[in-house]
file run36.cif (mmCIF, C-alpha atoms)
data_structure
#
loop_
_atom_site.label_atom_id
_atom_site.label_comp_id
_atom_site.auth_asym_id
_atom_site.auth_seq_id
_atom_site.Cartn_x
_atom_site.Cartn_y
_atom_site.Cartn_z
CA MET A 1 96.80 -134.22 -17.65
CA SER A 2 93.13 -134.72 -18.50
CA ALA A 3 91.52 -133.38 -21.69
CA ILE A 4 89.57 -130.88 -19.59
CA ASP A 5 92.67 -129.57 -17.82
CA ARG A 6 94.64 -129.39 -21.04
CA LEU A 7 91.97 -127.36 -22.84
CA THR A 8 91.49 -125.10 -19.81
CA ASP A 9 95.21 -124.55 -19.74
CA GLU A 10 95.38 -123.73 -23.47
CA LEU A 11 92.45 -121.32 -23.34
CA SER A 12 93.72 -119.51 -20.26
CA ARG A 13 96.85 -118.50 -22.20
CA LEU A 14 94.76 -116.41 -24.58
CA PRO A 15 94.70 -112.67 -23.89
CA GLY A 16 91.83 -111.56 -21.65
CA ILE A 17 90.94 -115.13 -20.65
CA GLY A 18 91.88 -116.09 -17.11
CA SER A 19 91.70 -119.57 -15.63
CA LYS A 20 88.13 -119.09 -14.36
CA THR A 21 86.84 -117.89 -17.73
CA ALA A 22 88.70 -120.75 -19.42
CA LEU A 23 87.07 -123.27 -17.11
CA ARG A 24 83.64 -121.75 -17.73
CA LEU A 25 84.20 -122.01 -21.50
CA VAL A 26 85.27 -125.65 -21.20
CA HIS A 27 82.19 -126.46 -19.13
CA HIS A 28 80.01 -124.70 -21.64
CA LEU A 29 81.56 -126.77 -24.43
CA MET A 30 81.00 -129.97 -22.48
CA LYS A 31 77.35 -129.22 -21.81
CA GLY A 32 76.52 -128.61 -25.46
CA SER A 33 76.70 -130.90 -28.47
CA LYS A 34 79.97 -132.71 -29.21
CA GLU A 35 79.81 -130.98 -32.57
CA ASP A 36 80.54 -127.54 -31.05
CA PRO A 37 84.12 -128.17 -29.92
CA ARG A 38 84.77 -130.09 -33.17
CA ARG A 39 83.59 -127.16 -35.26
CA ILE A 40 85.77 -124.71 -33.37
CA ALA A 41 88.69 -127.12 -33.67
CA ARG A 42 88.22 -127.32 -37.45
CA ALA A 43 88.04 -123.52 -37.70
CA LEU A 44 91.29 -123.27 -35.73
CA MET A 45 92.99 -125.84 -37.94
CA ASP A 46 91.81 -123.97 -41.02
CA LEU A 47 93.27 -120.78 -39.60
CA ALA A 48 96.62 -122.46 -39.04
CA GLU A 49 96.64 -124.21 -42.44
CA LYS A 50 95.13 -121.65 -44.76
CA VAL A 51 95.73 -118.13 -43.55
CA ARG A 52 99.02 -116.49 -44.54
CA SER A 53 100.37 -113.09 -45.49
CA CYS A 54 99.64 -111.55 -48.87
CA THR A 55 102.95 -111.54 -50.77
CA VAL A 56 102.23 -108.02 -52.00
CA CYS A 57 100.84 -106.10 -49.02
CA GLY A 58 101.20 -108.38 -45.98
CA ASN A 59 97.44 -108.50 -45.28
CA PHE A 60 95.89 -111.83 -44.21
CA THR A 61 94.79 -114.00 -47.10
CA GLU A 62 94.10 -117.59 -48.04
CA GLN A 63 95.71 -117.14 -51.46
CA ASP A 64 99.13 -115.85 -52.52
CA VAL A 65 97.82 -112.36 -53.08
CA CYS A 66 94.91 -110.92 -51.08
CA ASP A 67 91.51 -109.90 -52.45
CA ILE A 68 92.21 -106.20 -51.96
CA CYS A 69 95.43 -106.31 -53.99
CA LEU A 70 93.71 -108.34 -56.73
CA ASN A 71 90.58 -106.16 -56.89
CA PRO A 72 90.74 -104.16 -60.14
CA ARG A 73 88.27 -101.64 -58.75
CA ARG A 74 90.58 -100.45 -55.95
CA ASP A 75 92.25 -97.09 -56.45
CA ARG A 76 95.91 -97.91 -57.16
CA SER A 77 97.03 -94.31 -56.67
CA LEU A 78 96.38 -94.54 -52.90
CA LEU A 79 98.42 -96.64 -50.48
CA CYS A 80 97.52 -96.86 -46.81
CA VAL A 81 100.27 -98.09 -44.44
CA VAL A 82 99.16 -99.82 -41.23
CA GLU A 83 101.11 -101.49 -38.44
CA GLU A 84 99.22 -104.78 -38.20
CA ALA A 85 97.17 -106.84 -40.66
CA TYR A 86 94.08 -106.72 -38.46
CA GLU A 87 94.06 -102.94 -38.76
CA VAL A 88 93.23 -103.38 -42.44
CA SER A 89 89.81 -104.68 -41.45
CA ALA A 90 89.25 -101.73 -39.09
CA ILE A 91 89.73 -99.37 -42.03
CA GLU A 92 87.82 -101.59 -44.47
CA ARG A 93 84.80 -101.63 -42.15
CA THR A 94 84.42 -97.86 -42.54
CA GLY A 95 83.68 -98.38 -46.25
CA GLN A 96 85.36 -95.01 -46.87
CA TYR A 97 88.67 -96.16 -48.32
CA ARG A 98 89.07 -97.55 -51.82
CA GLY A 99 92.87 -97.64 -52.14
CA LEU A 100 95.44 -100.34 -51.42
CA PHE A 101 97.20 -101.27 -48.18
CA HIS A 102 100.66 -102.09 -46.92
CA VAL A 103 101.17 -103.89 -43.62
CA LEU A 104 104.37 -103.06 -41.71
CA GLY A 105 104.05 -105.95 -39.28
CA GLY A 106 104.75 -103.75 -36.25
CA ARG A 107 106.16 -100.35 -35.36
CA LEU A 108 109.69 -99.08 -34.76
CA SER A 109 110.65 -99.87 -31.20
CA PRO A 110 114.42 -99.74 -30.63
CA LEU A 111 114.07 -100.91 -27.02
CA ASP A 112 112.42 -104.13 -28.22
CA GLY A 113 115.01 -104.50 -30.98
CA VAL A 114 112.54 -103.61 -33.74
CA GLY A 115 114.25 -101.49 -36.37
CA PRO A 116 113.34 -100.88 -40.05
CA ASP A 117 114.80 -104.28 -41.01
CA GLU A 118 112.30 -106.09 -38.77
CA LEU A 119 109.38 -104.35 -40.51
CA ASN A 120 108.15 -104.55 -44.10
CA VAL A 121 109.81 -101.24 -44.96
CA ALA A 122 112.04 -102.41 -47.83
CA THR A 123 109.05 -104.03 -49.55
CA LEU A 124 107.05 -100.81 -49.06
CA LEU A 125 109.75 -98.70 -50.69
CA SER A 126 110.35 -101.08 -53.57
CA ARG A 127 106.58 -101.27 -54.09
CA ILE A 128 106.39 -97.47 -54.38
CA ASP A 129 109.47 -97.48 -56.62
CA ASP A 130 108.13 -100.27 -58.88
CA ALA A 131 104.80 -98.48 -59.27
CA ALA A 132 106.79 -95.73 -61.03
CA GLY A 133 104.59 -92.79 -60.06
CA GLU A 134 101.27 -94.68 -60.05
CA ILE A 135 101.06 -94.30 -56.24
CA GLN A 136 100.26 -90.62 -55.74
CA GLU A 137 99.55 -90.60 -52.02
CA VAL A 138 100.81 -92.70 -49.13
CA ILE A 139 98.59 -92.47 -46.04
CA LEU A 140 100.50 -93.33 -42.88
CA ALA A 141 97.87 -94.91 -40.62
CA THR A 142 100.20 -96.00 -37.84
CA ASN A 143 98.79 -95.81 -34.32
CA ALA A 144 98.65 -92.48 -32.51
CA SER A 145 101.16 -93.72 -29.90
CA VAL A 146 104.72 -92.45 -29.42
CA GLU A 147 106.13 -95.42 -31.32
CA GLY A 148 103.48 -95.16 -34.04
CA GLU A 149 104.33 -91.47 -34.51
CA ALA A 150 108.07 -92.20 -34.62
CA THR A 151 107.45 -94.89 -37.24
CA SER A 152 105.40 -92.42 -39.21
CA VAL A 153 108.12 -89.73 -39.12
CA PHE A 154 110.73 -92.28 -40.20
CA LEU A 155 108.60 -93.55 -43.08
CA GLU A 156 107.82 -90.04 -44.26
CA GLN A 157 111.55 -89.38 -44.70
CA GLU A 158 112.06 -92.66 -46.55
CA ILE A 159 109.07 -92.27 -48.87
CA ARG A 160 109.44 -88.55 -49.73
CA PRO A 161 112.29 -89.06 -52.27
CA PHE A 162 110.07 -91.37 -54.35
CA GLY A 163 107.66 -88.54 -55.05
CA PRO A 164 104.19 -89.39 -53.66
CA ARG A 165 102.35 -87.13 -51.23
CA VAL A 166 102.72 -88.45 -47.70
CA THR A 167 99.78 -87.88 -45.35
CA ARG A 168 98.68 -89.23 -42.00
CA LEU A 169 95.29 -89.71 -40.30
CA ALA A 170 93.86 -86.60 -38.65
CA ARG A 171 94.26 -86.26 -34.90
CA GLY A 172 91.25 -84.85 -33.09
CA ILE A 173 88.26 -85.38 -30.87
CA PRO A 174 86.80 -88.90 -31.30
CA VAL A 175 83.21 -88.76 -32.54
CA GLY A 176 80.70 -88.95 -29.71
CA SER A 177 83.04 -87.95 -26.88
CA ASP A 178 82.70 -85.12 -24.37
CA LEU A 179 85.42 -82.47 -24.48
CA GLU A 180 85.58 -82.73 -20.70
CA TYR A 181 86.98 -86.27 -20.93
CA VAL A 182 89.38 -85.75 -23.84
CA ASP A 183 93.05 -85.31 -22.89
CA GLY A 184 94.81 -81.99 -23.44
CA THR A 185 97.20 -83.18 -26.16
CA THR A 186 94.28 -84.42 -28.25
CA ILE A 187 92.42 -81.13 -27.83
CA ALA A 188 95.58 -79.22 -28.74
CA GLN A 189 95.95 -81.30 -31.91
CA ALA A 190 92.26 -80.88 -32.70
CA LEU A 191 92.66 -77.11 -32.38
CA ALA A 192 95.75 -77.09 -34.59
CA GLY A 193 93.93 -79.18 -37.17
CA ARG A 194 90.64 -77.24 -37.04
CA ARG A 195 88.69 -76.96 -40.28
CA GLU A 196 86.25 -74.52 -41.85
CA ILE A 197 82.63 -75.68 -41.31
CA MET B 1 83.38 -117.34 -45.61
CA SER B 2 87.08 -116.97 -44.87
CA ALA B 3 88.88 -118.99 -42.18
CA ILE B 4 89.24 -115.82 -40.12
CA ASP B 5 85.54 -114.96 -40.31
CA ARG B 6 84.52 -118.53 -39.57
CA LEU B 7 86.67 -118.79 -36.47
CA THR B 8 85.57 -115.33 -35.28
CA ASP B 9 81.99 -116.43 -35.75
CA GLU B 10 82.50 -119.68 -33.82
CA LEU B 11 84.29 -117.99 -30.93
CA SER B 12 81.73 -115.20 -30.62
CA ARG B 13 79.06 -117.82 -29.86
CA LEU B 14 80.83 -118.77 -26.65
CA PRO B 15 79.44 -117.25 -23.45
CA GLY B 16 81.07 -113.98 -22.45
CA ILE B 17 82.84 -113.58 -25.80
CA GLY B 18 81.44 -110.92 -28.09
CA SER B 19 82.42 -110.32 -31.70
CA LYS B 20 85.17 -107.82 -30.77
CA THR B 21 86.78 -110.16 -28.24
CA ALA B 22 86.50 -113.01 -30.75
CA LEU B 23 88.26 -110.93 -33.39
CA ARG B 24 91.01 -109.96 -30.94
CA LEU B 25 91.53 -113.65 -30.08
CA VAL B 26 91.74 -114.60 -33.75
CA HIS B 27 94.28 -111.84 -34.40
CA HIS B 28 96.28 -112.97 -31.41
CA LEU B 29 96.30 -116.52 -32.77
CA MET B 30 97.41 -115.30 -36.18
CA LYS B 31 100.28 -113.26 -34.79
CA GLY B 32 101.74 -116.18 -32.82
CA SER B 33 103.14 -119.49 -33.96
CA LYS B 34 100.98 -121.72 -36.19
CA GLU B 35 101.39 -124.32 -33.47
CA ASP B 36 99.16 -122.37 -31.03
CA PRO B 37 95.84 -122.73 -32.88
CA ARG B 38 96.75 -126.34 -33.72
CA ARG B 39 97.34 -127.17 -30.06
CA ILE B 40 94.04 -125.62 -29.01
CA ALA B 41 92.30 -127.47 -31.85
CA ARG B 42 93.75 -130.78 -30.66
CA ALA B 43 92.69 -130.06 -27.07
CA LEU B 44 89.15 -129.33 -28.32
CA MET B 45 89.06 -132.53 -30.36
CA ASP B 46 90.26 -134.49 -27.34
CA LEU B 47 87.50 -132.94 -25.29
CA ALA B 48 84.90 -133.99 -27.85
CA GLU B 49 86.34 -137.49 -28.33
CA LYS B 50 87.41 -138.49 -24.86
CA VAL B 51 85.35 -136.78 -22.20
CA ARG B 52 82.06 -138.42 -21.22
CA SER B 53 79.91 -138.95 -18.15
CA CYS B 54 80.89 -141.39 -15.43
CA THR B 55 78.38 -144.27 -15.61
CA VAL B 56 78.14 -144.30 -11.81
CA CYS B 57 77.98 -140.66 -10.72
CA GLY B 58 77.66 -138.57 -13.91
CA ASN B 59 80.92 -136.66 -13.31
CA PHE B 60 83.19 -135.94 -16.30
CA THR B 61 85.67 -138.70 -17.02
CA GLU B 62 87.77 -140.18 -19.81
CA GLN B 63 87.03 -143.73 -18.65
CA ASP B 64 83.77 -145.57 -17.99
CA VAL B 65 83.89 -144.79 -14.30
CA CYS B 66 85.53 -141.62 -12.94
CA ASP B 67 88.60 -141.44 -10.69
CA ILE B 68 86.57 -140.34 -7.69
CA CYS B 69 84.20 -143.32 -7.89
CA LEU B 70 87.16 -145.69 -8.39
CA ASN B 71 89.28 -144.25 -5.57
CA PRO B 72 89.28 -146.78 -2.69
CA ARG B 73 90.33 -144.04 -0.26
CA ARG B 74 87.12 -142.01 -0.71
CA ASP B 75 84.58 -142.22 2.09
CA ARG B 76 81.73 -144.33 0.70
CA SER B 77 79.36 -143.40 3.51
CA LEU B 78 79.06 -139.83 2.19
CA LEU B 79 77.30 -138.87 -1.04
CA CYS B 80 77.24 -135.27 -2.25
CA VAL B 81 74.57 -134.39 -4.84
CA VAL B 82 75.35 -131.51 -7.22
CA GLU B 83 73.43 -130.05 -10.16
CA GLU B 84 76.21 -129.98 -12.76
CA ALA B 85 79.40 -131.98 -13.29
CA TYR B 86 81.59 -128.88 -13.16
CA GLU B 87 80.39 -128.25 -9.62
CA VAL B 88 82.24 -131.40 -8.58
CA SER B 89 85.54 -129.65 -9.23
CA ALA B 90 84.42 -126.59 -7.21
CA ILE B 91 83.93 -128.85 -4.20
CA GLU B 92 87.05 -130.93 -4.92
CA ARG B 93 89.20 -127.78 -5.00
CA THR B 94 88.37 -127.11 -1.34
CA GLY B 95 90.16 -130.33 -0.40
CA GLN B 96 87.65 -130.66 2.47
CA TYR B 97 85.42 -133.39 1.09
CA ARG B 98 86.42 -137.03 0.91
CA GLY B 99 83.10 -138.67 0.00
CA LEU B 100 81.50 -139.56 -3.33
CA PHE B 101 79.40 -137.47 -5.72
CA HIS B 102 76.24 -137.72 -7.73
CA VAL B 103 75.53 -135.33 -10.62
CA LEU B 104 71.87 -134.54 -11.30
CA GLY B 105 72.51 -132.91 -14.66
CA GLY B 106 70.36 -129.89 -13.84
CA ARG B 107 67.70 -128.75 -11.41
CA LEU B 108 63.92 -129.13 -11.33
CA SER B 109 62.39 -126.42 -13.47
CA PRO B 110 58.79 -127.18 -14.47
CA LEU B 111 58.59 -124.06 -16.65
CA ASP B 112 61.47 -125.37 -18.76
CA GLY B 113 59.98 -128.85 -18.83
CA VAL B 114 62.61 -130.28 -16.47
CA GLY B 115 61.02 -132.76 -14.09
CA PRO B 116 62.61 -135.62 -12.08
CA ASP B 117 62.67 -137.81 -15.20
CA GLU B 118 64.96 -135.37 -16.97
CA LEU B 119 67.48 -135.51 -14.11
CA ASN B 120 69.58 -138.39 -12.76
CA VAL B 121 67.16 -138.93 -9.88
CA ALA B 122 66.28 -142.59 -10.54
CA THR B 123 69.98 -143.51 -10.68
CA LEU B 124 70.57 -141.59 -7.45
CA LEU B 125 67.82 -143.49 -5.62
CA SER B 126 68.84 -146.89 -6.97
CA ARG B 127 72.44 -146.10 -6.03
CA ILE B 128 71.38 -145.37 -2.45
CA ASP B 129 69.19 -148.47 -2.45
CA ASP B 130 71.93 -150.72 -3.91
CA ALA B 131 74.44 -149.49 -1.32
CA ALA B 132 72.17 -151.13 1.29
CA GLY B 133 72.87 -148.75 4.16
CA GLU B 134 76.53 -148.05 3.28
CA ILE B 135 75.61 -144.44 2.39
CA GLN B 136 74.94 -142.82 5.74
CA GLU B 137 74.63 -139.21 4.68
CA VAL B 138 73.47 -137.52 1.48
CA ILE B 139 74.59 -133.89 1.22
CA LEU B 140 72.35 -131.90 -1.11
CA ALA B 141 74.69 -129.32 -2.66
CA THR B 142 72.23 -127.87 -5.16
CA ASN B 143 72.53 -124.14 -5.82
CA ALA B 144 71.06 -121.64 -3.37
CA SER B 145 68.56 -120.48 -6.00
CA VAL B 146 64.78 -120.95 -5.89
CA GLU B 147 65.02 -123.89 -8.29
CA GLY B 148 67.99 -125.37 -6.48
CA GLU B 149 66.11 -125.20 -3.17
CA ALA B 150 63.01 -126.78 -4.71
CA THR B 151 65.15 -129.58 -6.14
CA SER B 152 66.67 -130.07 -2.71
CA VAL B 153 63.26 -130.28 -0.98
CA PHE B 154 62.06 -132.78 -3.58
CA LEU B 155 65.17 -134.96 -3.24
CA GLU B 156 64.97 -134.90 0.53
CA GLN B 157 61.49 -136.45 0.38
CA GLU B 158 62.61 -139.09 -2.11
CA ILE B 159 65.78 -140.06 -0.25
CA ARG B 160 64.40 -140.06 3.33
CA PRO B 161 62.64 -143.49 3.03
CA PHE B 162 65.98 -145.15 2.19
CA GLY B 163 67.37 -144.27 5.59
CA PRO B 164 70.44 -142.00 5.20
CA ARG B 165 70.70 -138.59 6.89
CA VAL B 166 69.92 -135.85 4.39
CA THR B 167 71.78 -132.57 4.86
CA ARG B 168 72.39 -129.47 2.77
CA LEU B 169 75.17 -126.86 2.60
CA ALA B 170 74.98 -124.11 5.22
CA ARG B 171 73.53 -120.77 4.14
CA GLY B 172 75.34 -117.75 5.55
CA ILE B 173 77.66 -114.82 5.03
CA PRO B 174 80.30 -115.56 2.35
CA VAL B 175 83.81 -115.43 3.81
CA GLY B 176 85.43 -112.03 3.30
CA SER B 177 82.27 -110.05 2.64
CA ASP B 178 80.97 -106.95 4.42
CA LEU B 179 77.62 -107.34 6.19
CA GLU B 180 76.63 -104.03 4.62
CA TYR B 181 76.61 -105.60 1.17
CA VAL B 182 75.01 -108.94 2.04
CA ASP B 183 71.30 -109.25 1.21
CA GLY B 184 68.69 -109.55 3.96
CA THR B 185 67.64 -113.12 3.20
CA THR B 186 71.23 -114.32 3.52
CA ILE B 187 71.67 -112.47 6.82
CA ALA B 188 68.39 -113.94 8.09
CA GLN B 189 69.58 -117.45 7.18
CA ALA B 190 72.98 -116.78 8.74
CA LEU B 191 71.24 -115.69 11.96
CA ALA B 192 68.99 -118.76 11.97
CA GLY B 193 72.03 -120.99 11.42
CA ARG B 194 74.30 -119.24 13.95
CA ARG B 195 76.78 -121.41 15.81
CA GLU B 196 78.58 -121.38 19.15
CA ILE B 197 82.10 -119.94 18.79
#
call {"tool": "encode", "arguments": {"input": "run36.cif", "output": "C-alpha cells"}}
result
Amino acid sequence: MSAIDRLTDELSRLPGIGSKTALRLVHHLMKGSKEDPRRIARALMDLAEKVRSCTVCGNFTEQDVCDICLNPRRDRSLLCVVEEAYEVSAIERTGQYRGLFHVLGGRLSPLDGVGPDELNVATLLSRIDDAAGEIQEVILATNASVEGEATSVFLEQEIRPFGPRVTRLARGIPVGSDLEYVDGTTIAQALAGRREI
Amino acid sequence: MSAIDRLTDELSRLPGIGSKTALRLVHHLMKGSKEDPRRIARALMDLAEKVRSCTVCGNFTEQDVCDICLNPRRDRSLLCVVEEAYEVSAIERTGQYRGLFHVLGGRLSPLDGVGPDELNVATLLSRIDDAAGEIQEVILATNASVEGEATSVFLEQEIRPFGPRVTRLARGIPVGSDLEYVDGTTIAQALAGRREI
C-alpha cells in the first residue's frame, strides 16, 4: 500500500470525512510544503503522548491535575458534571462559569452495557464526600437526551444524601431561534420554566 | 499552546475543515485508542518523507520513476497531459486508459504569474521530441475552465510541430444529469460534438 493510499485510508476513518474528502486532503498536503504534513504529524504525536485525563476531574490535561482543578481562583463550592471532557470547553467558552468540573466519561446506557460502574460516578461521590460540605451545589450538565436525562435523575438520587443542592441546566428556547421551528417538548419545558422579566 | 489547541489549529487550516470540525476530530482522536493518532501521524510522516514527483512524468511516486512510466504494458504511443498529479488517479480509476501521462503542475494563468516556464512544458516537449515519433497522440486533459482551455490551446500549438495528433477530452452532458440543470454552454458543446448512435 502506497503512502498516499495509507494516509487516505487513515483519514477516511475519521468522522465526517469520506474517501473523497480524505483524498482531497492528501492532495492538498502533497501540493504544499513538506513541512505541513510533518507539523500535523508532530501535533498528533503530541496529542497521543501528552494528553491524558486529570486525576481529579477527568478533564483533558497535559499534567496530572488539570489547570481548572489547580486554579485557586475557581469557586470550589460549585461542581459541574458533564458527560464528556470536550464539553468542559463548551462551558468554559461561555466565560460564565467559575466553579469546578467532573467528567463522567459517558452517560448511562444499559443497552450498550454502560452502567454506573463504567462511568466516573464513584469518584464523583467520593469527591463530594471528601470535600466535607465545601461543595454546595452540583450542576448536572448532562445532555438533554433521554439517556442524559436518565443519567441526571440517577445522579441526583446518589448525590442528594451528601447534602449539596443538585441543579440541572435550564431547558428552553435556544437563543436566536424562531418559536415556529422549536419542537413541542422544548416549548412545553420553556413554558414550565418561565421566569419573571 | 496545549497539544489539543495546536492540533485543532493545524487541522482547521486544511481545506473544508473549519475550527468546529477540527475540534470534533481532535475529540474523536482523544476518545479512541492512543494508537489512532500515532498511526495517522506515521502516515503523514511517510507522505512527507517518501512521496515525490516522478522524474519522467511528474506523477506522485515513492521511487524515482512512477509505476505507470515503468509499466511495460502501458501503451507508449499515447500521452495524456493533466494539470495536477492527483488528476492522474481520476483517469486511472476509470480503467479505460492504458497510455502514459504527463503532469503540467498547474495551468497557464498570467494574472497569477504562471507562464509556460512555471509549468512542465519544456519537459513535455523534449519528451515528445526524444520519443522520436513513438508518441502518436497527445490527449490534452486540462480542466474545462477558461484557464484550462487556454493552456490546452497553447500546448496544441507547441506540440503540433513535433508530429503527434493532438486531441482533447470531449465536452458534453455529464452522465446521469438532467438536461434541465446543464448550463447552455455545455449543451451547445454537446450539440456541436454530437455523435451517430
call {"tool": "residues_around", "arguments": {"input": "run36.cif", "residues": "range 160-171 of chain B", "least_positions_apart": "4", "cutoff": "9 Å", "atoms": "all atoms listed in the file", "output": "number ranges by chain"}}
result
B: 125, 128-129, 132-142, 144, 152, 155-156, 186-187, 189-190, 193
call {"tool": "resolve_selection", "arguments": {"input": "run36.cif", "expression": "the PyMOL selection byres ((chain B) within 9 of (chain A))", "output": "number ranges by chain"}}
result
B: 2-4, 6-8, 10-11, 14-16, 21, 23-30, 33-52, 60-62, 85-86
call {"tool": "residues_around", "arguments": {"input": "run36.cif", "residues": "Leu108 in chain A", "least_positions_apart": "5", "cutoff": "10 Å", "atoms": "all atoms listed in the file", "output": "list in words"}}
result
Glu83, Gly113, Val114, Gly115, Pro116, Asp117, Glu118, Leu119, Val146, Glu147, Gly148, Glu149, Ala150, Thr151, Ser152 and Phe154 of chain A
call {"tool": "closest_residue", "arguments": {"input": "run36.cif", "among": "B:Cys57, B:Val82, B:Ala90, B:Leu70", "to": "Gly106 in chain B", "atoms": "all atoms listed in the file"}}
result
B:Val82
call {"tool": "residues_around", "arguments": {"input": "run36.cif", "residues": "Asn59 in chain A", "least_positions_apart": "5", "cutoff": "7 Å", "atoms": "only C-alpha atoms", "output": "list in words"}}
result
Ser53, Cys54, Cys66, Ala85 and Val103 of chain A
call {"tool": "atom_distance", "arguments": {"input": "run36.cif", "atom1": "CA of Glu158 in chain B", "atom2": "CA of Asp75 in chain B"}}
result
22.6 Å
call {"tool": "atom_distance", "arguments": {"input": "run36.cif", "atom1": "CA of Cys69 in chain A", "atom2": "CA of Ile159 in chain A"}}
result
20.2 Å
call {"tool": "atom_distance", "arguments": {"input": "run36.cif", "atom1": "CA of Leu104 in chain A", "atom2": "CA of Asp64 in chain A"}}
result
17.5 Å
call {"tool": "residues_around", "arguments": {"input": "run36.cif", "residues": "Gly99 in chain B", "least_positions_apart": "4", "cutoff": "7 Å", "atoms": "all atoms listed in the file", "output": "list in words"}}
result
Arg74, Asp75, Arg76, Ser77, Leu78 and Leu79 of chain B
call {"tool": "build_atoms", "arguments": {"input": "run36.cif", "residues": "range 63-69 of chain A", "atoms": "all heavy atoms", "output": "JSON list (two decimals), in the frame of the given file"}}
result
[["chain", "number", "residue", "atom", "x", "y", "z"],
["A", 63, "GLN", "N", 95.03, -116.90, -50.18],
["A", 63, "GLN", "CA", 95.71, -117.14, -51.46],
["A", 63, "GLN", "C", 97.11, -116.54, -51.37],
["A", 63, "GLN", "O", 97.54, -116.14, -50.31],
["A", 63, "GLN", "CB", 94.94, -116.44, -52.60],
["A", 63, "GLN", "CG", 93.46, -116.75, -52.65],
["A", 63, "GLN", "CD", 92.64, -115.48, -52.56],
["A", 63, "GLN", "OE1", 92.92, -114.50, -53.22],
["A", 63, "GLN", "NE2", 91.61, -115.50, -51.73],
["A", 64, "ASP", "N", 97.81, -116.48, -52.51],
["A", 64, "ASP", "CA", 99.13, -115.85, -52.52],
["A", 64, "ASP", "C", 99.00, -114.34, -52.36],
["A", 64, "ASP", "O", 99.74, -113.72, -51.62],
["A", 64, "ASP", "CB", 99.84, -116.15, -53.86],
["A", 64, "ASP", "CG", 100.77, -117.33, -53.72],
["A", 64, "ASP", "OD1", 100.87, -117.85, -52.60],
["A", 64, "ASP", "OD2", 101.37, -117.73, -54.73],
["A", 65, "VAL", "N", 98.03, -113.80, -53.09],
["A", 65, "VAL", "CA", 97.82, -112.36, -53.08],
["A", 65, "VAL", "C", 96.39, -112.11, -52.60],
["A", 65, "VAL", "O", 95.47, -112.82, -52.98],
["A", 65, "VAL", "CB", 98.02, -111.77, -54.50],
["A", 65, "VAL", "CG1", 97.75, -110.27, -54.51],
["A", 65, "VAL", "CG2", 99.44, -112.06, -54.98],
["A", 66, "CYS", "N", 96.21, -111.11, -51.71],
["A", 66, "CYS", "CA", 94.91, -110.92, -51.08],
["A", 66, "CYS", "C", 93.87, -110.30, -52.03],
["A", 66, "CYS", "O", 94.22, -109.76, -53.08],
["A", 66, "CYS", "CB", 95.04, -110.09, -49.82],
["A", 66, "CYS", "SG", 95.24, -108.32, -50.12],
["A", 67, "ASP", "N", 92.61, -110.39, -51.62],
["A", 67, "ASP", "CA", 91.51, -109.90, -52.45],
["A", 67, "ASP", "C", 91.62, -108.41, -52.74],
["A", 67, "ASP", "O", 91.23, -107.96, -53.81],
["A", 67, "ASP", "CB", 90.16, -110.16, -51.74],
["A", 67, "ASP", "CG", 89.80, -111.63, -51.79],
["A", 67, "ASP", "OD1", 90.32, -112.33, -52.68],
["A", 67, "ASP", "OD2", 88.99, -112.08, -50.95],
["A", 68, "ILE", "N", 92.12, -107.66, -51.76],
["A", 68, "ILE", "CA", 92.21, -106.20, -51.96],
["A", 68, "ILE", "C", 93.24, -105.89, -53.04],
["A", 68, "ILE", "O", 92.98, -105.10, -53.96],
["A", 68, "ILE", "CB", 92.57, -105.50, -50.63],
["A", 68, "ILE", "CG1", 91.43, -105.70, -49.62],
["A", 68, "ILE", "CG2", 92.83, -104.01, -50.86],
["A", 68, "ILE", "CD1", 91.69, -105.14, -48.24],
["A", 69, "CYS", "N", 94.39, -106.54, -52.98],
["A", 69, "CYS", "CA", 95.43, -106.31, -53.99],
["A", 69, "CYS", "C", 94.97, -106.73, -55.38],
["A", 69, "CYS", "O", 95.33, -106.13, -56.39],
["A", 69, "CYS", "CB", 96.71, -107.07, -53.64],
["A", 69, "CYS", "SG", 97.60, -106.34, -52.27]]
